[in-house]
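Student: See entry-v2.pdb below, with PDB, C-alpha atoms and all ligand atoms.
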ATOM      1  CA  MET A   1      89.992   2.278-101.692
ATOM      2  CA  SER A   2      93.077   3.911-103.233
ATOM      3  CA  VAL A   3      94.441   3.468-106.787
ATOM      4  CA  LYS A   4      95.556  -0.056-107.642
ATOM      5  CA  ASN A   5      99.267  -0.670-107.145
ATOM      6  CA  ASN A   6     100.632  -2.489-110.231
ATOM      7  CA  ASN A   7     102.444  -4.971-108.001
ATOM      8  CA  SER A   8      99.381  -5.918-105.973
ATOM      9  CA  LYS A   9      99.745  -9.472-104.752
ATOM     10  CA  VAL A  10      98.993 -11.439-101.584
ATOM     11  CA  THR A  11     101.156 -14.383-100.574
ATOM     12  CA  LEU A  12      99.818 -16.681 -97.887
ATOM     13  CA  VAL A  13     102.779 -18.025 -95.956
ATOM     14  CA  GLY A  14     102.725 -20.804 -93.368
ATOM     15  CA  ALA A  15     104.983 -19.739 -90.525
ATOM     16  CA  GLY A  16     105.348 -23.234 -89.038
ATOM     17  CA  PRO A  17     104.477 -24.417 -85.535
ATOM     18  CA  GLY A  18     106.315 -21.789 -83.473
ATOM     19  CA  ASP A  19     110.089 -22.246 -83.570
ATOM     20  CA  LYS A  20     111.296 -19.458 -85.867
ATOM     21  CA  ASP A  21     113.585 -21.843 -87.765
ATOM     22  CA  LEU A  22     110.686 -24.058 -88.797
ATOM     23  CA  ILE A  23     109.554 -21.787 -91.637
ATOM     24  CA  THR A  24     110.475 -22.710 -95.236
ATOM     25  CA  LEU A  25     113.197 -20.918 -97.231
ATOM     26  CA  LYS A  26     110.502 -19.913 -99.720
ATOM     27  CA  GLY A  27     108.464 -18.374 -96.901
ATOM     28  CA  VAL A  28     111.483 -16.367 -95.683
ATOM     29  CA  SER A  29     112.173 -15.152 -99.216
ATOM     30  CA  ALA A  30     108.550 -13.898 -99.551
ATOM     31  CA  ILE A  31     108.815 -12.079 -96.204
ATOM     32  CA  GLU A  32     112.087 -10.431 -97.289
ATOM     33  CA  GLN A  33     110.388  -9.066-100.409
ATOM     34  CA  ALA A  34     107.078  -8.052 -98.810
ATOM     35  CA  ASP A  35     105.791  -4.457 -98.729
ATOM     36  CA  CYS A  36     103.446  -5.241 -95.822
ATOM     37  CA  ILE A  37     102.886  -8.148 -93.420
ATOM     38  CA  LEU A  38      99.659  -9.205 -91.695
ATOM     39  CA  TYR A  39     100.282 -11.817 -89.004
ATOM     40  CA  ASP A  40      98.343 -13.955 -86.528
ATOM     41  CA  ALA A  41      98.749 -14.683 -82.818
ATOM     42  CA  LEU A  42     100.377 -18.080 -83.408
ATOM     43  CA  VAL A  43     103.183 -16.596 -85.526
ATOM     44  CA  ASN A  44     106.506 -16.268 -83.720
ATOM     45  CA  PRO A  45     107.241 -12.491 -83.891
ATOM     46  CA  GLU A  46     110.965 -13.249 -84.376
ATOM     47  CA  ILE A  47     110.062 -14.250 -87.952
ATOM     48  CA  LEU A  48     109.223 -10.583 -88.635
ATOM     49  CA  GLU A  49     112.953  -9.832 -88.378
ATOM     50  CA  TYR A  50     113.285 -11.107 -91.962
ATOM     51  CA  THR A  51     111.357  -8.077 -93.280
ATOM     52  CA  LYS A  52     112.957  -5.146 -95.147
ATOM     53  CA  LYS A  53     113.583  -2.140 -92.924
ATOM     54  CA  GLY A  54     110.411  -0.089 -92.483
ATOM     55  CA  THR A  55     107.957  -2.767 -93.697
ATOM     56  CA  PRO A  56     104.642  -2.288 -91.871
ATOM     57  CA  CYS A  57     103.809  -5.416 -89.836
ATOM     58  CA  ILE A  58     100.175  -5.491 -88.728
ATOM     59  CA  TYR A  59      99.051  -7.830 -85.955
ATOM     60  CA  VAL A  60      95.555  -9.071 -86.728
ATOM     61  CA  GLY A  61      95.293 -11.404 -83.733
ATOM     62  CA  LYS A  62      93.088 -14.485 -83.569
ATOM     63  CA  ARG A  63      93.112 -16.525 -80.418
ATOM     64  CA  PHE A  64      90.140 -18.168 -78.717
ATOM     65  CA  ASN A  65      87.584 -15.438 -77.917
ATOM     66  CA  ASN A  66      90.232 -12.783 -78.447
ATOM     67  CA  HIS A  67      90.120 -11.737 -82.058
ATOM     68  CA  ARG A  68      91.827  -8.441 -82.723
ATOM     69  CA  LEU A  69      89.927  -8.153 -86.036
ATOM     70  CA  SER A  70      87.020 -10.184 -87.434
ATOM     71  CA  GLN A  71      87.652 -12.432 -90.453
ATOM     72  CA  ASP A  72      85.758  -9.951 -92.658
ATOM     73  CA  GLU A  73      87.948  -7.099 -91.427
ATOM     74  CA  ILE A  74      91.101  -9.140 -92.098
ATOM     75  CA  ASN A  75      89.913  -9.918 -95.643
ATOM     76  CA  GLU A  76      89.241  -6.247 -96.329
ATOM     77  CA  LEU A  77      92.599  -5.206 -94.882
ATOM     78  CA  LEU A  78      94.440  -7.737 -97.068
ATOM     79  CA  VAL A  79      92.833  -6.271-100.178
ATOM     80  CA  SER A  80      93.248  -2.618 -99.221
ATOM     81  CA  LYS A  81      96.926  -3.073 -98.264
ATOM     82  CA  ALA A  82      97.667  -4.974-101.495
ATOM     83  CA  LEU A  83      96.030  -2.206-103.537
ATOM     84  CA  GLU A  84      97.830   0.496-101.605
ATOM     85  CA  LEU A  85     101.298  -0.980-100.982
ATOM     86  CA  GLY A  86     101.868  -3.875-103.427
ATOM     87  CA  HIS A  87     103.034  -7.237-102.126
ATOM     88  CA  VAL A  88     101.313  -8.291 -98.896
ATOM     89  CA  VAL A  89     102.458 -11.382 -97.020
ATOM     90  CA  ARG A  90      99.766 -12.956 -94.890
ATOM     91  CA  LEU A  91     101.594 -14.961 -92.221
ATOM     92  CA  LYS A  92      99.683 -17.731 -90.488
ATOM     93  CA  GLY A  93     100.666 -20.273 -87.835
ATOM     94  CA  GLY A  94     101.460 -23.790 -89.053
ATOM     95  CA  ASP A  95     100.063 -24.398 -92.539
ATOM     96  CA  PRO A  96      97.519 -21.851 -93.832
ATOM     97  CA  PHE A  97      95.217 -24.559 -95.201
ATOM     98  CA  VAL A  98      95.013 -26.650 -92.003
ATOM     99  CA  PHE A  99      92.271 -25.059 -89.912
ATOM    100  CA  GLY A 100      93.664 -21.694 -90.980
ATOM    101  CA  ARG A 101      90.842 -20.208 -93.073
ATOM    102  CA  GLY A 102      93.451 -19.704 -95.778
ATOM    103  CA  SER A 103      91.183 -20.669 -98.645
ATOM    104  CA  GLU A 104      88.485 -18.184 -97.526
ATOM    105  CA  GLU A 105      91.066 -15.400 -97.665
ATOM    106  CA  ILE A 106      92.306 -16.520-101.097
ATOM    107  CA  ASP A 107      88.726 -16.573-102.472
ATOM    108  CA  TYR A 108      88.071 -13.055-101.210
ATOM    109  CA  ILE A 109      91.348 -11.613-102.523
ATOM    110  CA  GLU A 110      90.951 -13.236-105.940
ATOM    111  CA  SER A 111      87.470 -11.755-106.278
ATOM    112  CA  PHE A 112      89.301  -8.397-106.624
ATOM    113  CA  ASN A 113      91.517  -9.846-109.401
ATOM    114  CA  ILE A 114      94.531  -9.609-107.148
ATOM    115  CA  GLN A 115      97.228 -12.215-107.749
ATOM    116  CA  THR A 116      97.747 -14.767-104.966
ATOM    117  CA  GLU A 117     100.359 -17.352-104.052
ATOM    118  CA  ILE A 118     100.387 -20.022-101.352
ATOM    119  CA  ILE A 119     103.547 -21.085 -99.557
ATOM    120  CA  PRO A 120     102.755 -24.004 -97.275
ATOM    121  CA  GLY A 121     104.067 -24.287 -93.744
ATOM    122  CA  ILE A 122     104.797 -27.140 -91.378
ATOM    123  CA  SER A 123     101.566 -27.791 -89.534
ATOM    124  CA  SER A 124     101.646 -28.093 -85.751
ATOM    125  CA  SER A 125      99.646 -31.292 -86.212
ATOM    126  CA  LEU A 126     102.675 -32.976 -87.826
ATOM    127  CA  ALA A 127     105.628 -31.168 -86.310
ATOM    128  CA  ILE A 128     104.768 -31.136 -82.633
ATOM    129  CA  PRO A 129     104.242 -34.885 -82.094
ATOM    130  CA  ALA A 130     107.366 -35.548 -84.195
ATOM    131  CA  MET A 131     109.515 -33.196 -82.116
ATOM    132  CA  GLN A 132     108.377 -35.084 -79.015
ATOM    133  CA  GLY A 133     109.379 -38.438 -80.523
ATOM    134  CA  ILE A 134     105.770 -39.521 -81.144
ATOM    135  CA  PRO A 135     105.397 -40.976 -84.657
ATOM    136  CA  LEU A 136     101.960 -40.362 -86.150
ATOM    137  CA  THR A 137     102.157 -43.720 -87.904
ATOM    138  CA  LYS A 138     104.085 -46.848 -87.029
ATOM    139  CA  ARG A 139     104.027 -50.106 -88.954
ATOM    140  CA  THR A 140     101.837 -52.732 -87.211
ATOM    141  CA  VAL A 141     100.406 -50.133 -84.783
ATOM    142  CA  ASN A 142      98.174 -47.959 -86.962
ATOM    143  CA  GLU A 143      97.340 -47.311 -90.589
ATOM    144  CA  SER A 144      96.403 -43.645 -90.640
ATOM    145  CA  PHE A 145      96.247 -40.447 -88.653
ATOM    146  CA  TRP A 146      93.370 -37.997 -88.496
ATOM    147  CA  VAL A 147      93.715 -34.290 -87.791
ATOM    148  CA  ILE A 148      90.424 -33.171 -86.294
ATOM    149  CA  THR A 149      89.088 -29.966 -84.813
ATOM    150  CA  GLY A 150      88.074 -30.254 -81.170
ATOM    151  CA  THR A 151      85.792 -27.234 -81.455
ATOM    152  CA  THR A 152      83.535 -26.701 -84.468
ATOM    153  CA  SER A 153      82.140 -23.290 -85.425
ATOM    154  CA  ASN A 154      79.165 -23.830 -83.087
ATOM    155  CA  GLY A 155      81.450 -24.754 -80.150
ATOM    156  CA  ASN A 156      80.690 -28.492 -80.190
ATOM    157  CA  ILE A 157      83.169 -31.299 -80.706
ATOM    158  CA  SER A 158      83.407 -32.653 -84.227
ATOM    159  CA  LYS A 159      81.417 -35.789 -85.074
ATOM    160  CA  ASP A 160      84.602 -37.027 -86.732
ATOM    161  CA  ILE A 161      86.051 -37.643 -83.267
ATOM    162  CA  GLN A 162      83.527 -40.442 -82.789
ATOM    163  CA  LEU A 163      84.309 -41.872 -86.236
ATOM    164  CA  GLY A 164      88.065 -41.613 -85.715
ATOM    165  CA  ALA A 165      87.802 -43.273 -82.313
ATOM    166  CA  GLN A 166      86.347 -46.342 -84.024
ATOM    167  CA  SER A 167      89.405 -46.744 -86.260
ATOM    168  CA  SER A 168      93.048 -47.612 -85.530
ATOM    169  CA  ALA A 169      94.045 -44.057 -86.465
ATOM    170  CA  THR A 170      96.193 -41.786 -84.376
ATOM    171  CA  LEU A 171      93.930 -38.833 -83.558
ATOM    172  CA  VAL A 172      95.527 -35.396 -83.533
ATOM    173  CA  ILE A 173      93.051 -32.917 -82.128
ATOM    174  CA  LEU A 174      93.574 -29.189 -82.590
ATOM    175  CA  MET A 175      91.587 -26.544 -80.705
ATOM    176  CA  GLY A 176      90.359 -29.241 -78.331
ATOM    177  CA  LEU A 177      91.529 -28.221 -74.858
ATOM    178  CA  ARG A 178      88.308 -26.476 -73.829
ATOM    179  CA  ASN A 179      86.330 -29.570 -74.792
ATOM    180  CA  PHE A 180      88.931 -31.967 -73.393
ATOM    181  CA  SER A 181      86.604 -33.921 -71.065
ATOM    182  CA  LEU A 182      83.891 -34.278 -73.717
ATOM    183  CA  ILE A 183      86.482 -35.523 -76.201
ATOM    184  CA  MET A 184      87.981 -38.063 -73.814
ATOM    185  CA  GLU A 185      84.546 -39.381 -72.788
ATOM    186  CA  GLU A 186      83.762 -39.940 -76.476
ATOM    187  CA  ILE A 187      87.066 -41.721 -77.095
ATOM    188  CA  LYS A 188      86.603 -43.929 -74.017
ATOM    189  CA  ARG A 189      83.486 -45.412 -75.584
ATOM    190  CA  TYR A 190      85.509 -46.984 -78.405
ATOM    191  CA  ARG A 191      89.188 -47.331 -77.462
ATOM    192  CA  HIS A 192      90.664 -49.601 -74.792
ATOM    193  CA  LYS A 193      91.167 -47.900 -71.441
ATOM    194  CA  TYR A 194      94.974 -48.182 -71.560
ATOM    195  CA  THR A 195      95.158 -46.161 -74.782
ATOM    196  CA  PRO A 196      97.784 -43.490 -74.180
ATOM    197  CA  PHE A 197      97.317 -39.840 -75.015
ATOM    198  CA  ALA A 198      99.471 -36.713 -74.832
ATOM    199  CA  ILE A 199      98.665 -33.045 -74.421
ATOM    200  CA  ILE A 200     101.420 -30.893 -75.892
ATOM    201  CA  GLN A 201     101.291 -27.130 -75.361
ATOM    202  CA  ASN A 202     103.452 -24.340 -76.804
ATOM    203  CA  GLY A 203     104.984 -26.955 -79.086
ATOM    204  CA  SER A 204     108.461 -26.255 -80.522
ATOM    205  CA  LEU A 205     108.910 -23.246 -78.218
ATOM    206  CA  PRO A 206     111.141 -22.928 -75.125
ATOM    207  CA  ASN A 207     108.076 -23.151 -72.838
ATOM    208  CA  GLU A 208     106.768 -26.367 -74.435
ATOM    209  CA  THR A 209     105.058 -28.775 -72.026
ATOM    210  CA  ILE A 210     103.820 -32.342 -72.418
ATOM    211  CA  VAL A 211     101.555 -34.465 -70.237
ATOM    212  CA  ILE A 212     101.081 -38.164 -70.993
ATOM    213  CA  ASP A 213      98.571 -40.554 -69.474
ATOM    214  CA  THR A 214      96.074 -43.257 -70.426
ATOM    215  CA  ILE A 215      92.468 -42.463 -71.255
ATOM    216  CA  GLU A 216      91.177 -44.198 -68.122
ATOM    217  CA  ASN A 217      93.122 -41.592 -66.084
ATOM    218  CA  TYR A 218      92.396 -38.534 -68.226
ATOM    219  CA  LYS A 219      90.740 -36.654 -65.336
ATOM    220  CA  ASN A 220      94.103 -36.514 -63.522
ATOM    221  CA  THR A 221      95.522 -34.355 -66.296
ATOM    222  CA  ILE A 222      92.781 -31.698 -66.471
ATOM    223  CA  GLU A 223      94.443 -29.481 -63.874
ATOM    224  CA  SER A 224      97.647 -29.288 -65.884
ATOM    225  CA  ILE A 225      95.932 -27.681 -68.888
ATOM    226  CA  ASP A 226      96.833 -24.038 -69.522
ATOM    227  CA  TYR A 227      93.842 -22.669 -71.424
ATOM    228  CA  SER A 228      95.683 -19.510 -72.440
ATOM    229  CA  SER A 229      98.276 -21.422 -74.524
ATOM    230  CA  PRO A 230      97.802 -23.386 -77.745
ATOM    231  CA  GLY A 231      97.799 -27.150 -77.366
ATOM    232  CA  ILE A 232      97.200 -30.339 -79.284
ATOM    233  CA  ILE A 233      95.913 -33.680 -78.038
ATOM    234  CA  VAL A 234      97.414 -36.824 -79.563
ATOM    235  CA  ILE A 235      95.543 -40.081 -78.900
ATOM    236  CA  GLY A 236      96.605 -43.568 -79.894
ATOM    237  CA  ASP A 237      99.008 -46.402 -79.198
ATOM    238  CA  VAL A 238     101.849 -44.557 -80.972
ATOM    239  CA  VAL A 239     102.010 -42.209 -77.954
ATOM    240  CA  ALA A 240     103.662 -45.110 -76.099
ATOM    241  CA  GLU A 241     106.707 -44.438 -78.319
ATOM    242  CA  HIS A 242     107.374 -41.250 -76.359
ATOM    243  CA  PRO A 243     110.718 -41.641 -74.568
ATOM    244  CA  SER A 244     109.200 -41.049 -71.104
ATOM    245  CA  TYR A 245     106.168 -43.306 -71.573
ATOM    246  CA  LEU A 246     107.666 -46.462 -70.088
ATOM    247  CA  ASP A 247     108.939 -44.656 -66.944
ATOM    248  CA  GLU A 248     105.557 -43.034 -66.431
ATOM    249  CA  GLU A 249     103.739 -46.318 -66.992
ATOM    250  CA  ILE A 250     105.904 -48.062 -64.353
ATOM    251  CA  GLN A 251     105.170 -45.202 -61.957
ATOM    252  CA  ARG A 252     101.437 -45.509 -62.616
ATOM    253  CA  VAL A 253     101.485 -49.262 -61.948
ATOM    254  CA  LEU A 254     103.503 -48.748 -58.729
ATOM    255  CA  ASN A 255     101.086 -46.027 -57.593
ATOM    256  CA  SER A 256      98.121 -48.322 -58.154
ATOM    257  CA  TYR A 257      99.608 -50.784 -55.589
ATOM    258  CA  MET A 258     100.211 -48.119 -52.934
TER     259      MET A 258
HETATM  260  C1  LIG B   1      93.385 -22.281 -85.765
HETATM  261  S1  LIG B   1      94.350 -23.719 -85.559
HETATM  262  C2  LIG B   1      95.625 -23.395 -86.711
HETATM  263  C3  LIG B   1      96.465 -24.590 -87.028
HETATM  264  C4  LIG B   1      97.612 -24.264 -87.948
HETATM  265  N1  LIG B   1      97.149 -23.799 -89.221
HETATM  266  C5  LIG B   1      98.558 -25.440 -88.135
HETATM  267  O1  LIG B   1      98.655 -25.994 -89.228
HETATM  268  O2  LIG B   1      99.241 -25.778 -87.157
HETATM  269  C6  LIG B   1      95.119 -23.377 -84.014
HETATM  270  C7  LIG B   1      95.402 -24.636 -83.209
HETATM  271  O3  LIG B   1      96.579 -25.277 -83.647
HETATM  272  C8  LIG B   1      97.228 -25.896 -82.551
HETATM  273  N2  LIG B   1      98.569 -25.302 -82.415
HETATM  274  C9  LIG B   1      99.125 -24.415 -83.234
HETATM  275  N3  LIG B   1     100.380 -24.121 -82.847
HETATM  276  C10 LIG B   1     100.615 -24.850 -81.739
HETATM  277  C11 LIG B   1     101.722 -24.993 -80.861
HETATM  278  N4  LIG B   1     102.857 -24.328 -81.054
HETATM  279  N5  LIG B   1     101.608 -25.852 -79.819
HETATM  280  C12 LIG B   1     100.479 -26.555 -79.619
HETATM  281  N6  LIG B   1      99.402 -26.456 -80.408
HETATM  282  C13 LIG B   1      99.463 -25.623 -81.461
HETATM  283  C14 LIG B   1      96.356 -25.640 -81.332
HETATM  284  O4  LIG B   1      95.449 -26.712 -81.207
HETATM  285  C15 LIG B   1      95.647 -24.376 -81.734
HETATM  286  O5  LIG B   1      94.439 -24.204 -81.022
END
Now that the file is in, can you turn its structure into structure tokens?
Tutor:
Amino acid sequence: MSVKNNNSKVTLVGAGPGDKDLITLKGVSAIEQADCILYDALVNPEILEYTKKGTPCIYVGKRFNNHRLSQDEINELLVSKALELGHVVRLKGGDPFVFGRGSEEIDYIESFNIQTEIIPGISSSLAIPAMQGIPLTKRTVNESFWVITGTTSNGNISKDIQLGAQSSATLVILMGLRNFSLIMEEIKRYRHKYTPFAIIQNGSLPNETIVIDTIENYKNTIESIDYSSPGIIVIGDVVAEHPSYLDEEIQRVLNSYM
């Protein structure tokens, strides 16, 4: 590694859920001052336009089974670029500490006595249901919401899905599309069959899609899943607050009589 730059620092910045305007002012200010950017697949590349002219922007990837660099390689690159160039901004989709491995990166960087800062971002888990008009909590409907991974490090669904299904909580499941059927079968064991759910993909972006149905009919929605795009699953009675829910429910009832 080269000689330590006196301004060595790594700032972890949450880039928000996708829409380039959903990053914080503090995040933009860090990007404007950065000497180097490392960014993930879920970061909207338009956000890179805030950089100073000539700032190196390095894509480090990270999508299901398509990692441009391993986590160890990313950690090493963060340290070497901070030592070489000064202030590195590590841009991550949503919030860096929500299923973002942000704390692992901070631990590694700090072990080299490099200064760190964390600028939170708006997590997709909060922003995307809200932008669709689905409240994560509503008085008299539910008392909490759980944000759960749909795929653990060994590929299985989280045991917390079973626990969450036994509560009144709204369940927001990230990284769950590939295990969608397993997840819905688990939920069906505990929630009533008319419980609504939504699958929202490419949230906050121009190509956003949403599919809403009830858990008894979940199999009808499998074909609409695009496995190459990020998506969240929202399960719970609050999904009925979506503006189109009533129309779709009437259609479903009519179809059942045909
Ligand atoms: C590794 S996690 C990172 C989550 C991120 N740190 C956050 O707070 O939003 C990636 C997952 O977040 C969800 N996700 C992120 N951005 C999304 C978007 N624009 N639309 C739908 N889902 C999204 C998907 O479930 C995706 O598989």
Student: Quick one: apply the PyMOL selection byres (((not hetatm)) within 6 of (chain B and resi 1)) to the file and drop the selected residues here as number ranges by chain.
Tutor: A: 17-18, 93-96, 98-100, 123-125, 174-175, 200-204, 230-232
Student: Find the distance between CA of Glu105 in chain A and CA of Val234 in chain A and write it in Å to one decimal.
Tutor: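 Atom-to-atom, CA of Glu105 in chain A and CA of Val234 in chain A are spaced 28.8 Å apart.
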Student: For CA of Asp40 in chain A and CA of Ile106 in chain A, quote the distance in Å rounded to one decimal.
Tutor: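 Answer for the CA of Asp40 in chain A to CA of Ile106 in chain A separation: 16.0 Å.
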Student: Suppose a student applies the PyMOL selection byres (((chain A and resi 226) around 10) and not hetatm) to this structure; what residues should they get, written as a PyMOL selection string?
Tutor: chain A and resi 177-178+201-202+209+222-225+227-231
Student: Do you have the CA of Asn207 in chain A-CA of Val172 in chain A distance handy?
Tutor: 20.5 Å
Student: With a distance cut-off of 9 Å and all atoms listed in the file, select the neighbouring residues of Leu48 in chain A, excluding the residue or stretch itself and same-chain residues fewer than 5 positions from it, and output the selection as JSON, numbers by chain.
Tutor: {"A": [31, 37, 57]}
Student: Any chance you could resolve the PyMOL selection byres (((chain A and resi 10) around 8) and not hetatm) against this file and give the residues as a PDB file with C-alpha atoms, keeping the file's coordinate frame?
Tutor:
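Listed below is the output, expr.pdb:
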ATOM      1  CA  SER A   8      99.381  -5.918-105.973  1.00  0.00           C
ATOM      2  CA  LYS A   9      99.745  -9.472-104.752  1.00  0.00           C
ATOM      3  CA  THR A  11     101.156 -14.383-100.574  1.00  0.00           C
ATOM      4  CA  LEU A  12      99.818 -16.681 -97.887  1.00  0.00           C
ATOM      5  CA  LEU A  78      94.440  -7.737 -97.068  1.00  0.00           C
ATOM      6  CA  ALA A  82      97.667  -4.974-101.495  1.00  0.00           C
ATOM      7  CA  HIS A  87     103.034  -7.237-102.126  1.00  0.00           C
ATOM      8  CA  VAL A  88     101.313  -8.291 -98.896  1.00  0.00           C
ATOM      9  CA  VAL A  89     102.458 -11.382 -97.020  1.00  0.00           C
ATOM     10  CA  ARG A  90      99.766 -12.956 -94.890  1.00  0.00           C
ATOM     11  CA  ILE A 109      91.348 -11.613-102.523  1.00  0.00           C
ATOM     12  CA  ILE A 114      94.531  -9.609-107.148  1.00  0.00           C
ATOM     13  CA  GLN A 115      97.228 -12.215-107.749  1.00  0.00           C
ATOM     14  CA  THR A 116      97.747 -14.767-104.966  1.00  0.00           C
ATOM     15  CA  GLU A 117     100.359 -17.352-104.052  1.00  0.00           C
TER      16      GLU A 117
END
Student: Which of these, A:Ile235, A:Phe97, A:Phe197, A:Val43, has the shortest distance to Ile161 in chain A once you count only C-alpha atoms?
Tutor: A:Ile235
Student: Between A:Pro206, A:Gly54, A:Gly16, A:Gly27, single out the one closest to Leu42 in chain A, counting only C-alpha atoms.
Tutor: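 Ranking A:Pro206, A:Gly54, A:Gly16, A:Gly27 by distance to Leu42 in chain A, first place goes to A:Gly16.
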Student: Using only C-alpha atoms, give me every residue within 9 Å of (88.9, -35.1, -92.8) in file coordinates, as an NGL selection string.
Tutor: :A and (146-148 or 160)
Student: Please dump the current selection as a short mmCIF file (atom, residue, chain, number, x, y, z; two decimals), in the frame of the given file; keep C-alpha atoms.
Tutor:
data_model
loop_
_atom_site.label_atom_id
_atom_site.label_comp_id
_atom_site.auth_asym_id
_atom_site.auth_seq_id
_atom_site.Cartn_x
_atom_site.Cartn_y
_atom_site.Cartn_z
CA TRP A 146 93.37 -38.00 -88.50
CA VAL A 147 93.72 -34.29 -87.79
CA ILE A 148 90.42 -33.17 -86.29
CA ASP A 160 84.60 -37.03 -86.73
#
Student: Out of A:Val28, A:Asp213, A:Leu246, A:Thr221, which residue has the shortest atom-to-atom distance to Leu91 in chain A when counting all atoms listed in the file?
Tutor: A:Val28
Student: So that I can see what lies close to Leu136 in chain A, please list as an NGL selection string the residues with an atom at most 12 Å from it, counting only C-alpha atoms and leaving out residues fewer than 4 positions away in the same chain.
Tutor: :A and (125-132 or 141-147 or 168-172 or 234-242)
Student: Excluding Met184 in chain A and its own-chain neighbours fewer than 4 positions away, which residues fall within 8 Å of it when counting all atoms listed in the file? Please give them as a ChimeraX atom specification.
Tutor: /A:180,188,215,218
Student: Between A:His192, A:Arg68, A:Lys138, A:Lys20, which one has atoms that come closest to Pro45 in chain A, using only C-alpha atoms?
Tutor: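 Closest to Pro45 in chain A of all the choices is A:Lys20.
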Student: Assuming 4 Å of padding per side, give the centre and edge lengths of the axis-aligned box around every listed atom of range 175-186 of chain A, in Å to one decimal and as JSON.
Tutor:
{"center_x": 87.7, "center_y": -33.2, "center_z": -75.9, "size_x": 15.8, "size_y": 21.5, "size_z": 17.6}
Student: From the coordinates supplied, range 40-72 of chain A should be written with C-alpha atoms, as a PDB file, in the first residue's frame.
Tutor:
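Result saved to part.pdb:
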ATOM      1  CA  ASP A  40     -23.083  -0.500  -5.490  1.00  0.00           C
ATOM      2  CA  ALA A  41     -25.537  -1.835  -8.070  1.00  0.00           C
ATOM      3  CA  LEU A  42     -28.581  -0.381  -6.294  1.00  0.00           C
ATOM      4  CA  VAL A  43     -27.208   3.178  -6.419  1.00  0.00           C
ATOM      5  CA  ASN A  44     -28.778   5.372  -9.089  1.00  0.00           C
ATOM      6  CA  PRO A  45     -25.777   6.394 -11.277  1.00  0.00           C
ATOM      7  CA  GLU A  46     -27.308   9.877 -11.729  1.00  0.00           C
ATOM      8  CA  ILE A  47     -26.205  10.577  -8.137  1.00  0.00           C
ATOM      9  CA  LEU A  48     -22.582  10.412  -9.348  1.00  0.00           C
ATOM     10  CA  GLU A  49     -23.203  13.687 -11.199  1.00  0.00           C
ATOM     11  CA  TYR A  50     -22.698  15.473  -7.862  1.00  0.00           C
ATOM     12  CA  THR A  51     -18.981  14.567  -7.873  1.00  0.00           C
ATOM     13  CA  LYS A  52     -16.157  17.048  -8.584  1.00  0.00           C
ATOM     14  CA  LYS A  53     -14.878  16.853 -12.147  1.00  0.00           C
ATOM     15  CA  GLY A  54     -12.418  13.981 -12.556  1.00  0.00           C
ATOM     16  CA  THR A  55     -13.341  12.121  -9.338  1.00  0.00           C
ATOM     17  CA  PRO A  56     -12.791   8.388  -9.898  1.00  0.00           C
ATOM     18  CA  CYS A  57     -16.089   6.503  -9.463  1.00  0.00           C
ATOM     19  CA  ILE A  58     -15.569   2.760  -9.062  1.00  0.00           C
ATOM     20  CA  TYR A  59     -18.466   0.349  -9.528  1.00  0.00           C
ATOM     21  CA  VAL A  60     -18.083  -2.527  -7.091  1.00  0.00           C
ATOM     22  CA  GLY A  61     -21.339  -4.266  -8.019  1.00  0.00           C
ATOM     23  CA  LYS A  62     -23.313  -6.545  -5.718  1.00  0.00           C
ATOM     24  CA  ARG A  63     -26.483  -8.076  -7.022  1.00  0.00           C
ATOM     25  CA  PHE A  64     -27.745 -11.610  -6.434  1.00  0.00           C
ATOM     26  CA  ASN A  65     -25.073 -14.038  -7.696  1.00  0.00           C
ATOM     27  CA  ASN A  66     -23.416 -11.234  -9.629  1.00  0.00           C
ATOM     28  CA  HIS A  67     -20.833  -9.655  -7.398  1.00  0.00           C
ATOM     29  CA  ARG A  68     -18.296  -7.582  -9.266  1.00  0.00           C
ATOM     30  CA  LEU A  69     -15.942  -7.791  -6.252  1.00  0.00           C
ATOM     31  CA  SER A  70     -16.104  -9.925  -3.098  1.00  0.00           C
ATOM     32  CA  GLN A  71     -16.762  -8.195   0.240  1.00  0.00           C
ATOM     33  CA  ASP A  72     -13.100  -8.721   1.199  1.00  0.00           C
TER      34      ASP A  72
END
